[in-house]
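S.K.: Enclosed is the structure file run-v9.csv (CSV, C-alpha atoms and all ligand atoms).
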chain,number,residue,atom,x,y,z
C,424,VAL,CA,3.4,4.3,-9.0
C,425,LYS,CA,-0.2,5.2,-10.0
C,426,GLU,CA,-2.8,3.1,-8.2
C,427,ILE,CA,-5.6,3.5,-10.7
C,428,VAL,CA,-4.9,3.8,-14.4
C,429,THR,CA,-7.0,4.4,-17.6
C,430,PRO,CA,-7.4,1.9,-20.5
C,431,LYS,CA,-5.5,4.4,-22.7
C,432,GLN,CA,-2.5,4.4,-20.3
C,433,VAL,CA,-2.4,0.6,-20.1
C,434,ALA,CA,-2.8,0.3,-23.9
C,435,ARG,CA,0.2,2.6,-24.4
C,436,ALA,CA,2.3,0.8,-21.7
C,437,ILE,CA,1.7,-2.6,-23.3
C,438,GLY,CA,1.8,-1.4,-26.9
C,439,VAL,CA,-1.7,-2.5,-28.0
C,440,SER,CA,-4.7,-0.5,-29.3
C,441,GLU,CA,-7.0,1.0,-26.8
C,442,SER,CA,-9.9,-0.9,-28.3
C,443,SER,CA,-8.2,-4.3,-27.8
C,444,LEU,CA,-7.5,-3.3,-24.2
C,445,LYS,CA,-11.1,-2.3,-23.6
C,446,ARG,CA,-12.2,-5.6,-25.1
C,447,TRP,CA,-9.9,-7.5,-22.7
C,448,CYS,CA,-11.5,-5.6,-19.9
C,449,ASP,CA,-15.0,-6.5,-21.0
C,450,GLU,CA,-13.9,-10.2,-21.4
C,451,GLY,CA,-12.8,-10.1,-17.8
C,452,LEU,CA,-9.1,-10.6,-18.5
C,453,LEU,CA,-8.4,-7.4,-16.6
C,454,PRO,CA,-10.2,-6.3,-13.4
C,455,VAL,CA,-12.0,-3.0,-14.0
C,456,THR,CA,-14.0,-0.5,-12.1
C,457,ARG,CA,-16.2,2.3,-13.5
C,458,THR,CA,-16.2,6.0,-12.8
C,459,ALA,CA,-19.5,7.8,-12.0
C,460,GLY,CA,-19.6,8.7,-15.7
C,461,GLY,CA,-19.2,5.0,-16.7
C,462,HIS,CA,-15.6,5.2,-17.8
C,463,ARG,CA,-13.3,2.1,-17.3
C,464,ARG,CA,-10.6,2.4,-14.7
C,465,LEU,CA,-8.0,-0.3,-13.9
C,466,PRO,CA,-6.3,-1.0,-10.5
C,467,ILE,CA,-2.6,-1.2,-11.1
C,468,HIS,CA,-2.2,-4.5,-9.2
C,469,GLY,CA,-4.7,-6.1,-11.5
C,470,VAL,CA,-2.8,-4.9,-14.6
C,471,LEU,CA,0.5,-6.2,-13.2
C,472,ARG,CA,-1.1,-9.6,-12.4
C,473,PHE,CA,-2.4,-9.7,-16.0
C,474,LEU,CA,1.1,-9.0,-17.3
C,475,ARG,CA,2.6,-11.7,-15.1
C,476,ASP,CA,0.0,-14.3,-16.0
C,477,SER,CA,0.0,-13.5,-19.7
C,478,GLY,CA,3.8,-13.1,-20.1
C,479,ARG,CA,3.3,-9.8,-21.9
C,480,GLU,CA,6.0,-7.2,-21.6
C,481,LEU,CA,5.7,-3.5,-20.9
C,482,VAL,CA,7.0,-1.5,-23.8
C,483,ASP,CA,6.5,1.9,-22.1
C,484,PRO,CA,6.3,1.2,-18.3
C,485,GLY,CA,6.9,4.9,-17.5
C,486,VAL,CA,3.2,5.6,-18.5
C,487,LEU,CA,2.2,3.6,-15.5
C,488,GLY,CA,4.8,5.2,-13.2
C,489,LEU,CA,6.9,2.0,-13.3
C,490,PRO,CA,10.6,1.9,-13.7
C,491,ARG,CA,11.7,2.3,-17.3
C,492,THR,CA,13.3,-1.1,-17.8
C,493,SER,CA,10.5,-3.1,-16.2
C,494,GLY,CA,9.4,-6.0,-18.4
C,495,THR,CA,12.4,-5.9,-20.6
C,496,GLY,CA,15.3,-5.9,-18.2
C,497,GLU,CA,16.6,-8.3,-15.7
C,498,ARG,CA,14.3,-11.4,-15.8
C,499,VAL,CA,16.1,-14.0,-13.8
C,500,VAL,CA,16.7,-14.4,-10.2
C,501,SER,CA,20.4,-15.3,-10.6
C,502,GLY,CA,22.2,-12.1,-11.3
C,503,ALA,CA,19.5,-10.0,-9.7
C,504,ARG,CA,21.1,-10.5,-6.3
C,505,GLY,CA,24.4,-9.0,-7.4
C,506,ARG,CA,22.7,-6.1,-9.2
C,507,LEU,CA,20.7,-5.3,-6.1
C,508,ARG,CA,23.7,-5.6,-3.8
C,509,ASP,CA,25.7,-3.1,-6.0
C,510,ALA,CA,22.7,-0.7,-6.3
C,511,LEU,CA,22.2,-0.7,-2.5
C,512,ILE,CA,25.9,-0.1,-1.8
C,513,GLN,CA,25.9,2.7,-4.3
C,514,GLY,CA,22.6,4.1,-3.0
C,515,ASP,CA,20.9,3.8,-6.4
C,516,GLU,CA,17.3,3.5,-5.6
C,517,THR,CA,16.2,3.5,-9.2
C,518,ILE,CA,18.1,0.4,-10.0
C,519,ALA,CA,17.1,-1.3,-6.8
C,520,ARG,CA,13.5,-0.7,-7.6
C,521,GLN,CA,14.0,-1.9,-11.2
C,522,VAL,CA,15.6,-5.2,-10.1
C,523,VAL,CA,12.8,-6.0,-7.6
C,524,ILE,CA,9.9,-4.9,-9.7
C,525,ASP,CA,11.2,-6.6,-12.9
C,526,LEU,CA,11.4,-9.9,-11.0
C,527,TYR,CA,7.9,-9.5,-9.8
C,528,LEU,CA,6.7,-8.7,-13.3
C,529,ALA,CA,8.6,-11.7,-14.6
C,530,GLY,CA,6.4,-13.9,-12.4
C,531,VAL,CA,8.8,-14.5,-9.5
C,532,ALA,CA,7.0,-15.0,-6.2
C,533,VAL,CA,7.4,-12.3,-3.7
C,534,HIS,CA,8.8,-14.7,-1.1
C,535,ARG,CA,11.4,-15.9,-3.5
C,536,ILE,CA,12.5,-12.3,-4.3
C,537,CYS,CA,12.8,-11.7,-0.6
C,538,ASP,CA,14.6,-14.9,0.3
C,539,GLU,CA,16.9,-15.2,-2.6
C,540,VAL,CA,17.5,-11.6,-3.8
C,541,ILE,CA,16.9,-9.2,-0.9
C,542,ALA,CA,18.2,-11.4,2.0
C,543,GLY,CA,20.9,-12.6,-0.3
C,544,ALA,CA,22.0,-9.1,-1.2
C,545,PHE,CA,22.1,-8.1,2.5
C,546,GLU,CA,24.1,-11.2,3.4
C,547,GLU,CA,26.8,-10.0,1.0
C,548,ILE,CA,26.4,-6.4,2.2
C,549,GLY,CA,26.9,-7.6,5.8
C,550,ASN,CA,30.0,-9.5,4.8
C,551,ALA,CA,31.4,-6.4,2.9
C,552,TRP,CA,30.8,-4.4,6.1
C,553,ALA,CA,32.5,-7.0,8.3
C,554,CYS,CA,35.5,-6.9,6.0
C,555,GLU,CA,35.5,-3.1,6.2
C,556,GLU,CA,34.9,-2.8,2.4
C,557,ILE,CA,31.9,-0.6,2.9
C,558,GLU,CA,30.8,2.0,5.4
C,559,VAL,CA,28.0,1.7,8.0
C,560,TYR,CA,26.1,4.5,6.2
C,561,GLN,CA,26.0,2.5,3.0
C,562,GLU,CA,24.5,-0.5,4.8
C,563,ARG,CA,22.0,1.7,6.6
C,564,ARG,CA,21.0,3.6,3.4
C,565,GLY,CA,20.5,0.2,1.7
C,566,CYS,CA,18.0,-0.7,4.4
C,567,GLU,CA,16.1,2.5,3.8
C,568,ILE,CA,16.0,1.9,0.1
C,569,VAL,CA,14.7,-1.6,0.4
C,570,LEU,CA,12.1,-0.5,2.9
C,571,ARG,CA,10.7,1.9,0.3
C,572,VAL,CA,10.8,-0.8,-2.4
C,573,LEU,CA,9.0,-3.2,-0.1
C,574,PHE,CA,6.2,-0.7,0.5
C,575,GLU,CA,5.9,-0.3,-3.2
C,576,LEU,CA,5.9,-4.1,-3.8
C,577,ARG,CA,3.2,-4.3,-1.1
C,578,ALA,CA,1.0,-1.9,-3.1
C,579,LEU,CA,1.7,-3.6,-6.4
C,580,ALA,CA,1.6,-7.2,-5.5
C,581,THR,CA,-1.1,-7.3,-2.8
C,582,THR,CA,-4.6,-6.2,-2.3
C,583,SER,CA,-6.0,-5.6,1.1
C,584,ASN,CA,-8.1,-8.6,2.0
C,585,PRO,CA,-10.2,-7.7,5.0
C,586,ASN,CA,-11.8,-11.2,4.8
C,587,GLY,CA,-8.5,-13.0,4.9
C,588,PRO,CA,-7.2,-14.7,8.0
C,589,ILE,CA,-5.5,-12.2,10.4
C,590,ALA,CA,-1.8,-12.2,11.1
C,591,ILE,CA,0.2,-9.8,13.2
C,592,GLY,CA,3.8,-9.8,14.4
C,593,GLY,CA,7.0,-7.8,14.9
C,594,THR,CA,10.2,-7.8,16.9
C,595,THR,CA,10.8,-7.5,20.6
C,596,SER,CA,12.9,-5.1,22.8
C,597,GLY,CA,16.5,-4.6,21.6
C,598,ASP,CA,15.7,-5.9,18.1
C,599,ASN,CA,15.6,-3.0,15.6
C,600,TYR,CA,15.9,-5.1,12.5
C,601,VAL,CA,13.0,-3.8,10.5
C,602,LEU,CA,13.4,-5.7,7.1
C,603,PRO,CA,12.4,-9.2,8.1
C,604,THR,CA,9.1,-8.2,9.9
C,605,THR,CA,8.2,-5.9,7.0
C,606,ILE,CA,8.8,-8.7,4.5
C,607,VAL,CA,6.7,-11.1,6.5
C,608,GLU,CA,3.8,-8.7,6.2
C,609,VAL,CA,4.2,-8.4,2.4
C,610,VAL,CA,4.7,-12.1,1.9
C,611,LEU,CA,1.6,-13.1,3.9
C,612,ARG,CA,-0.5,-10.4,2.1
C,613,GLU,CA,0.5,-11.9,-1.2
C,614,VAL,CA,-1.1,-15.2,-0.3
C,615,GLY,CA,-4.3,-13.6,0.9
C,616,TRP,CA,-3.7,-12.9,4.6
C,617,ASN,CA,-4.8,-9.8,6.3
C,618,ALA,CA,-1.3,-9.3,7.7
C,619,THR,CA,0.1,-6.3,9.7
C,620,SER,CA,3.5,-5.8,11.1
C,621,LEU,CA,3.3,-4.0,14.4
C,622,GLY,CA,6.9,-2.8,14.1
C,623,THR,CA,10.2,-3.3,15.9
C,624,GLU,CA,11.4,-3.2,19.5
C,625,LEU,CA,8.1,-4.0,21.1
C,626,PRO,CA,8.2,-5.3,24.8
C,627,PHE,CA,6.7,-8.8,25.2
C,628,ALA,CA,3.9,-7.3,27.4
C,629,THR,CA,2.6,-5.1,24.6
C,630,LEU,CA,2.8,-7.9,22.1
C,631,GLU,CA,0.8,-10.0,24.4
C,632,ARG,CA,-1.9,-7.3,24.7
C,633,ALA,CA,-2.0,-7.2,20.9
C,634,VAL,CA,-2.5,-10.9,20.6
C,635,GLU,CA,-5.3,-10.8,23.2
C,636,ARG,CA,-7.1,-7.9,21.5
C,637,VAL,CA,-6.7,-8.8,17.8
C,638,ARG,CA,-7.0,-12.6,18.3
C,639,PRO,CA,-5.0,-13.3,15.1
C,640,ARG,CA,-4.9,-16.7,13.4
C,641,LEU,CA,-1.2,-16.3,13.3
C,642,PHE,CA,1.4,-14.3,15.3
C,643,TRP,CA,5.0,-14.0,14.0
C,644,LEU,CA,8.1,-13.0,15.9
C,645,SER,CA,11.2,-12.1,14.0
C,646,VAL,CA,14.3,-12.5,16.1
C,647,ALA,CA,17.5,-10.9,14.7
C,648,VAL,CA,19.0,-9.9,18.1
C,649,VAL,CA,18.6,-11.3,21.6
C,650,ASP,CA,20.3,-9.1,24.2
C,651,ASP,CA,19.3,-10.9,27.3
C,652,VAL,CA,18.6,-14.6,26.7
C,653,GLU,CA,17.0,-15.3,30.1
C,654,ALA,CA,14.6,-12.3,29.9
C,655,PHE,CA,13.8,-13.3,26.3
C,656,VAL,CA,12.9,-16.9,27.3
C,657,VAL,CA,10.6,-15.7,30.1
C,658,GLY,CA,8.9,-13.0,28.1
C,659,TYR,CA,8.4,-15.2,25.1
C,660,GLU,CA,7.0,-18.1,27.1
C,661,LYS,CA,4.3,-15.8,28.5
C,662,LEU,CA,3.4,-14.6,25.1
C,663,TYR,CA,3.3,-18.1,23.6
C,664,THR,CA,1.0,-19.3,26.4
C,665,THR,CA,-1.4,-16.5,25.8
C,666,ALA,CA,-1.4,-17.1,22.1
C,667,ALA,CA,-1.8,-20.9,22.4
C,668,SER,CA,-4.6,-20.6,24.8
C,669,GLN,CA,-6.7,-18.7,22.3
C,670,GLY,CA,-5.7,-20.8,19.3
C,671,THR,CA,-3.2,-18.4,17.7
C,672,ALA,CA,-0.4,-20.1,15.8
C,673,VAL,CA,3.0,-18.7,16.7
C,674,VAL,CA,5.7,-18.7,14.0
C,675,ILE,CA,9.2,-17.6,14.7
C,676,GLY,CA,12.2,-16.9,12.5
C,677,GLY,CA,15.4,-15.0,12.4
C,678,ARG,CA,19.1,-15.3,12.7
C,679,ALA,CA,19.3,-15.1,16.5
C,680,LEU,CA,17.3,-18.3,16.9
C,681,VAL,CA,20.3,-20.5,17.4
C,682,PRO,CA,19.7,-24.2,18.3
C,683,GLU,CA,20.4,-23.7,22.1
C,684,LEU,CA,17.8,-21.0,22.2
C,685,LEU,CA,15.3,-22.8,20.0
C,686,GLU,CA,15.3,-25.8,22.3
C,687,ARG,CA,14.1,-23.6,25.2
C,688,LEU,CA,11.1,-22.2,23.2
C,689,ARG,CA,7.7,-23.5,22.3
C,690,PHE,CA,6.3,-22.6,18.9
C,691,THR,CA,3.9,-23.7,16.2
C,692,ALA,CA,6.6,-23.4,13.6
C,693,HIS,CA,10.2,-22.2,13.2
C,694,CYS,CA,10.9,-21.0,9.6
C,695,GLU,CA,14.3,-20.3,8.2
C,696,LYS,CA,12.9,-18.8,5.0
C,697,PHE,CA,9.9,-16.7,4.0
C,698,GLY,CA,9.1,-19.5,1.5
C,699,ARG,CA,8.5,-21.9,4.4
C,700,LEU,CA,6.2,-19.4,6.0
C,701,VAL,CA,4.1,-19.2,2.9
C,702,ASP,CA,3.8,-23.0,2.9
C,703,LEU,CA,2.7,-23.0,6.5
C,704,ALA,CA,0.3,-20.1,6.1
C,705,ARG,CA,-1.4,-22.0,3.2
C,706,SER,CA,-1.6,-25.1,5.3
C,707,LEU,CA,-3.2,-23.2,8.2
C,708,VAL,CA,-6.1,-22.1,6.1
C,709,ALA,CA,-6.6,-25.4,4.4
C,710,PRO,CA,-8.8,-27.5,4.1
C,711,GLU,CA,-11.7,-25.1,4.7
C,712,GLY,CA,-9.8,-22.2,3.2
C,713,PRO,CA,-10.6,-18.5,3.4
C,714,VAL,CA,-14.3,-17.6,3.2
C,715,PRO,CA,-14.9,-16.9,-0.5
C,716,THR,CA,-16.4,-13.5,-1.3
C,717,ALA,CA,-19.1,-12.9,-3.9
C,801,LIG,C1,21.1,-4.2,8.1
C,801,LIG,C2,21.9,-4.8,9.2
C,801,LIG,C3,22.0,-4.1,10.4
C,801,LIG,C4,21.2,-2.8,10.7
C,801,LIG,C5,19.7,-3.1,10.8
C,801,LIG,C6,18.9,-1.8,10.5
C,801,LIG,C7,17.5,-2.0,10.4
C,801,LIG,N1,16.8,-0.9,10.7
C,801,LIG,O1,16.9,-3.0,10.1
C,801,LIG,C8,21.8,-2.2,12.0
C,801,LIG,C9,22.6,-1.0,11.6
C,801,LIG,C10,20.9,-1.9,13.1
C,801,LIG,C11,22.8,-3.4,12.4
C,801,LIG,C12,23.4,-3.4,13.6
C,801,LIG,C13,24.3,-4.3,14.0
C,801,LIG,N2,24.7,-5.4,13.3
C,801,LIG,CO1,23.9,-5.9,11.7
C,801,LIG,N3,23.4,-6.5,9.9
C,801,LIG,C14,22.6,-6.0,9.1
C,801,LIG,C15,22.6,-6.9,7.8
C,801,LIG,C16,23.6,-6.3,6.8
C,801,LIG,C17,21.3,-7.2,7.1
C,801,LIG,C18,20.2,-7.7,8.1
C,801,LIG,C19,18.9,-7.9,7.3
C,801,LIG,O2,18.0,-7.1,7.5
C,801,LIG,N4,18.8,-8.8,6.4
C,801,LIG,C20,17.7,-9.1,5.6
C,801,LIG,C21,16.8,-10.2,6.2
C,801,LIG,C22,15.5,-10.3,5.4
C,801,LIG,O3,17.5,-11.4,6.1
C,801,LIG,P1,17.9,-12.2,7.4
C,801,LIG,O4,18.0,-11.3,8.5
C,801,LIG,O5,19.1,-12.9,6.9
C,801,LIG,O6,16.7,-13.2,7.6
C,801,LIG,C23,16.6,-14.5,7.0
C,801,LIG,C24,16.1,-15.5,7.9
C,801,LIG,O7,16.6,-15.4,9.2
C,801,LIG,C25,14.6,-15.4,7.8
C,801,LIG,N5,13.9,-14.6,8.7
C,801,LIG,C26,14.3,-13.6,9.5
C,801,LIG,N6,13.3,-13.2,10.3
C,801,LIG,C27,12.2,-14.0,10.1
C,801,LIG,C28,11.0,-14.0,10.7
C,801,LIG,C29,10.0,-15.0,10.3
C,801,LIG,C30,8.7,-15.0,10.9
C,801,LIG,C31,10.4,-15.9,9.2
C,801,LIG,C32,9.4,-16.9,8.8
C,801,LIG,C33,11.7,-15.8,8.7
C,801,LIG,C34,12.6,-14.9,9.1
C,801,LIG,O8,14.4,-14.8,6.5
C,801,LIG,C35,15.6,-14.5,5.9
C,801,LIG,C36,16.0,-15.6,4.9
C,801,LIG,O9,15.6,-15.2,3.7
C,801,LIG,C37,23.2,-8.2,8.4
C,801,LIG,C38,23.9,-9.1,7.4
C,801,LIG,C39,23.1,-10.4,7.0
C,801,LIG,N7,23.8,-11.4,6.8
C,801,LIG,O10,21.9,-10.4,7.1
C,801,LIG,C40,24.1,-7.7,9.5
C,801,LIG,C41,24.5,-8.5,10.7
C,801,LIG,C42,23.3,-9.3,11.1
C,801,LIG,N8,24.9,-7.6,11.7
C,801,LIG,C43,25.9,-7.9,12.4
C,801,LIG,C44,26.4,-7.1,13.5
C,801,LIG,C45,27.8,-7.6,14.0
C,801,LIG,C46,25.8,-6.0,13.9
C,801,LIG,C47,26.2,-5.1,15.1
C,801,LIG,C48,26.6,-5.9,16.4
C,801,LIG,C49,27.3,-4.1,14.6
C,801,LIG,C50,27.8,-3.2,15.7
C,801,LIG,N9,29.1,-3.5,16.0
C,801,LIG,O11,27.2,-2.3,16.2
C,801,LIG,C51,24.9,-4.3,15.4
C,801,LIG,C52,24.0,-4.9,16.4
C,801,LIG,C53,22.7,-4.3,16.5
C,801,LIG,C54,21.9,-4.7,17.7
C,801,LIG,N10,20.7,-4.2,17.8
C,801,LIG,O12,22.3,-5.5,18.5
C,801,LIG,C55,26.4,-9.2,12.0
C,801,LIG,C56,26.0,-10.3,13.0
C,801,LIG,C57,27.2,-11.3,13.2
C,801,LIG,C58,26.8,-12.4,14.1
C,801,LIG,N11,27.6,-13.4,14.2
C,801,LIG,O13,25.8,-12.4,14.8
C,801,LIG,C59,25.9,-9.4,10.5
C,801,LIG,C60,25.6,-10.9,10.1
C,801,LIG,C61,26.9,-8.8,9.6
C,801,LIG,C62,28.1,-9.5,9.4
C,801,LIG,N12,28.3,-10.3,8.3
C,801,LIG,O14,29.0,-9.5,10.3
C,801,LIG,N13,22.8,-4.3,11.5
Show me, as structure tokens, the structure contained in the file I just sent.
Ligand code: B12
M.R.:
Amino acid sequence: VKEIVTPKQVARAIGVSESSLKRWCDEGLLPVTRTAGGHRRLPIHGVLRFLRDSGRELVDPGVLGLPRTSGTGERVVSGARGRLRDALIQGDETIARQVVIDLYLAGVAVHRICDEVIAGAFEEIGNAWACEEIEVYQERRGCEIVLRVLFELRALATTSNPNGPIAIGGTTSGDNYVLPTTIVEVVLREVGWNATSLGTELPFATLERAVERVRPRLFWLSVAVVDDVEAFVVGYEKLYTTAASQGTAVVIGGRALVPELLERLRFTAHCEKFGRLVDLARSLVAPEGPVPTA
């Protein structure tokens, strides 16, 4: 996907005249920058936001480096999950990309795409694997594809917001599930946070160092696997104490957080869905809100 595009490319992609497009830029409907020579240039995330808000469809998305059916293909969440599941099982990255980016262009919030379509598709993939209907390599390849699509979504749907509240997080030792922590980063960035996933399999001690040094407003721990419950409870408690002492909110989520484990942990919030995290993230910055920039 191109990051910066010209008015001519956008006009062709939307199917309007270049002069109309330039007028929309000048009216402030589309964010625009200027080259040293004074020519208009458009950041792709601004173009996509305009498409989402105005309900316009892309007639020639290929000009912008977007999948060919974007804007005209799958436009509803129901149905998308099955299409994504099948594409991932077949290793078809093009279709997987189309499904996700089409939903985004249709105005579906990123957290909904992640909860309902991506997590939903993997739920079904996990069941197919458990029933020996698919091979491990198909599941693993599906993860690789979704990771690439998530990075693309991050570039399309979010802008870096250095003034946004800071969030960091990841998974701890033994937990190599990379999708949830990557999704948390994208979802928080979509709502204006300066969020960074630190990655997977990080010992509690190093997560604690990160919390002390970065002093984030929010720290997230994604918990898909807990190998040693006692060691987890001890390591987590130390991390939580450090975070709480400096005013960092600690949000936890993930399939391994069963009720017996949860009752032994302290946390600011436990979220079962990315959508809940978004609600929480919004409430954390209200009422004063993020500092507006000029
Ligand atoms: C991909 C995958 C793997 C991959 C992960 C690769 C990678 N690099 O990420 C690999 C190959 C490592 C793997 C290994 C194993 N897996 Co596996 N795996 C999966 C699979 C298919 C998808 C997981 C995933 O990423 N889902 C996408 C995320 C986004 O969704 P989610 O995890 O459901 O998260 C939801 C919530 O928990 C929440 N959430 C999660 N984290 C967070 C964090 C925050 C902050 C918030 C707010 C929310 C949140 O958001 C999501 C809701 O929308 C699941 C099936 C499934 N149902 O999910 C099986 C599954 C989890 N695996 C399973 C098993 C059995 C295993 C193995 C034991 C297999 C084996 N015999 O080796 C190993 C164990 C690995 C280990 N480390 O211990 C079982 C677990 C069964 C059980 N009862 O616990 C499952 C359920 C498959 C099945 N149906 O049987 N697996």
S.K.: Please identify every residue of chain C that has at least one atom no farther than 7 Å from an atom of ligand LIG 801 (chain C), counting all atoms listed in the file, and for each give the shortest atom pair and the distance in Å to one decimal, arranged by chain then increasing number, as a Markdown table.
M.R.:
| residue | atom | partner | partner_atom | distance |
| --- | --- | --- | --- | --- |
| C:Cys537 | CA | C:LIG801 | O9 | 6.2 |
| C:Asp538 | CA | C:LIG801 | O9 | 3.6 |
| C:Glu539 | CA | C:LIG801 | O9 | 6.4 |
| C:Ile541 | CA | C:LIG801 | C22 | 6.5 |
| C:Ala542 | CA | C:LIG801 | O3 | 4.2 |
| C:Phe545 | CA | C:LIG801 | C17 | 4.8 |
| C:Glu546 | CA | C:LIG801 | N7 | 3.4 |
| C:Glu547 | CA | C:LIG801 | N7 | 6.7 |
| C:Ile548 | CA | C:LIG801 | C16 | 5.4 |
| C:Gly549 | CA | C:LIG801 | C16 | 3.7 |
| C:Asn550 | CA | C:LIG801 | N12 | 4.0 |
| C:Trp552 | CA | C:LIG801 | C62 | 6.6 |
| C:Ala553 | CA | C:LIG801 | O14 | 4.7 |
| C:Glu562 | CA | C:LIG801 | C1 | 6.0 |
| C:Arg563 | CA | C:LIG801 | C9 | 5.7 |
| C:Cys566 | CA | C:LIG801 | C1 | 6.0 |
| C:Gly597 | CA | C:LIG801 | N10 | 5.7 |
| C:Asp598 | CA | C:LIG801 | N10 | 5.3 |
| C:Asn599 | CA | C:LIG801 | N1 | 5.5 |
| C:Tyr600 | CA | C:LIG801 | O1 | 3.3 |
| C:Val601 | CA | C:LIG801 | O1 | 4.0 |
| C:Leu602 | CA | C:LIG801 | O2 | 4.8 |
| C:Pro603 | CA | C:LIG801 | C22 | 4.3 |
| C:Thr604 | CA | C:LIG801 | C28 | 6.2 |
| C:Ile606 | CA | C:LIG801 | C22 | 6.9 |
| C:Val607 | CA | C:LIG801 | C30 | 6.2 |
| C:Trp643 | CA | C:LIG801 | C30 | 4.9 |
| C:Leu644 | CA | C:LIG801 | C30 | 5.4 |
| C:Ser645 | CA | C:LIG801 | C28 | 3.8 |
| C:Val646 | CA | C:LIG801 | N6 | 5.9 |
| C:Ala647 | CA | C:LIG801 | O4 | 6.2 |
| C:Val648 | CA | C:LIG801 | O12 | 5.5 |
| C:Val674 | CA | C:LIG801 | C30 | 5.7 |
| C:Ile675 | CA | C:LIG801 | C30 | 4.6 |
| C:Gly676 | CA | C:LIG801 | C28 | 3.6 |
| C:Gly677 | CA | C:LIG801 | C26 | 3.4 |
| C:Arg678 | CA | C:LIG801 | O7 | 4.3 |
| C:His693 | CA | C:LIG801 | C32 | 6.9 |
| C:Cys694 | CA | C:LIG801 | C32 | 4.4 |
| C:Glu695 | CA | C:LIG801 | C25 | 4.9 |
| C:Lys696 | CA | C:LIG801 | C36 | 4.5 |
| C:Phe697 | CA | C:LIG801 | C32 | 4.8 |
| C:Arg699 | CA | C:LIG801 | C32 | 6.7 |
| C:Leu700 | CA | C:LIG801 | C32 | 4.9 |
S.K.: May I have the residues within 8 Å of stretch 633-635 of chain C as a ChimeraX atom specification, using all atoms listed in the file and disregarding those fewer than 3 positions away in the same chain?
M.R.: /C:591,629-630,638-639,642,665-666
S.K.: Between C:Val652, C:Val708, C:Ile512, C:Leu481, which has the minimum distance to C:Ile557 (counting only C-alpha atoms)?
M.R.: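 That would be C:Ile512, the residue with the smallest distance to C:Ile557.
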S.K.: Which is closest to C:Gly488 among C:Val656, C:Val559, C:Ala580, C:Val428, if we use all atoms listed in the file?
M.R.: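 Selected residue with least distance to C:Gly488: C:Val428.
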S.K.: What is the atom CA of C:Gly565 to atom CA of C:Leu511 distance in Å?
M.R.: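 Here the two named atoms are 4.6 Å from each other.
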S.K.: Neighbouring residues of C:Leu579 were defined as those with any atom within 9 Å, considering all atoms listed in the file; residues of the same chain fewer than 2 positions away were excluded. Please report them as a short mmCIF file (atom, residue, chain, number, x, y, z; two decimals) with C-alpha atoms, keeping the file's coordinate frame.
M.R.:
data_model
loop_
_atom_site.label_atom_id
_atom_site.label_comp_id
_atom_site.auth_asym_id
_atom_site.auth_seq_id
_atom_site.Cartn_x
_atom_site.Cartn_y
_atom_site.Cartn_z
CA VAL C 424 3.40 4.30 -9.00
CA GLU C 426 -2.80 3.10 -8.20
CA ILE C 467 -2.60 -1.20 -11.10
CA HIS C 468 -2.20 -4.50 -9.20
CA GLY C 469 -4.70 -6.10 -11.50
CA LEU C 471 0.50 -6.20 -13.20
CA ARG C 472 -1.10 -9.60 -12.40
CA ILE C 524 9.90 -4.90 -9.70
CA PHE C 574 6.20 -0.70 0.50
CA GLU C 575 5.90 -0.30 -3.20
CA LEU C 576 5.90 -4.10 -3.80
CA ARG C 577 3.20 -4.30 -1.10
CA THR C 581 -1.10 -7.30 -2.80
CA THR C 582 -4.60 -6.20 -2.30
#
S.K.: One decimal, Å: what's the distance from atom CA of C:Arg640 over to atom CA of C:Ser706, could you say?
M.R.: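 Taking atom CA of C:Arg640 and atom CA of C:Ser706, their separation equals 12.1 Å.
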S.K.: Go ahead and compute the interatomic distance for atom CA of C:Asn617 and atom CA of C:Gly587, in Å to one decimal.
M.R.: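 Those two atoms sit 5.1 Å apart.
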S.K.: Around the point (13.1, -20.2, 23.1) in the file's coordinates, collect all residues with an atom within 12 Å, using all atoms listed in the file, and return them as a CSV table (one decimal) with C-alpha atoms, keeping the file's coordinate frame.
M.R.:
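The file below, result-v9.csv, is the result:
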chain,number,residue,atom,x,y,z
C,644,LEU,CA,8.1,-13.0,15.9
C,646,VAL,CA,14.3,-12.5,16.1
C,649,VAL,CA,18.6,-11.3,21.6
C,651,ASP,CA,19.3,-10.9,27.3
C,652,VAL,CA,18.6,-14.6,26.7
C,653,GLU,CA,17.0,-15.3,30.1
C,654,ALA,CA,14.6,-12.3,29.9
C,655,PHE,CA,13.8,-13.3,26.3
C,656,VAL,CA,12.9,-16.9,27.3
C,657,VAL,CA,10.6,-15.7,30.1
C,658,GLY,CA,8.9,-13.0,28.1
C,659,TYR,CA,8.4,-15.2,25.1
C,660,GLU,CA,7.0,-18.1,27.1
C,661,LYS,CA,4.3,-15.8,28.5
C,662,LEU,CA,3.4,-14.6,25.1
C,663,TYR,CA,3.3,-18.1,23.6
C,674,VAL,CA,5.7,-18.7,14.0
C,675,ILE,CA,9.2,-17.6,14.7
C,676,GLY,CA,12.2,-16.9,12.5
C,679,ALA,CA,19.3,-15.1,16.5
C,680,LEU,CA,17.3,-18.3,16.9
C,681,VAL,CA,20.3,-20.5,17.4
C,682,PRO,CA,19.7,-24.2,18.3
C,683,GLU,CA,20.4,-23.7,22.1
C,684,LEU,CA,17.8,-21.0,22.2
C,685,LEU,CA,15.3,-22.8,20.0
C,686,GLU,CA,15.3,-25.8,22.3
C,687,ARG,CA,14.1,-23.6,25.2
C,688,LEU,CA,11.1,-22.2,23.2
C,689,ARG,CA,7.7,-23.5,22.3
C,690,PHE,CA,6.3,-22.6,18.9
C,692,ALA,CA,6.6,-23.4,13.6
C,693,HIS,CA,10.2,-22.2,13.2
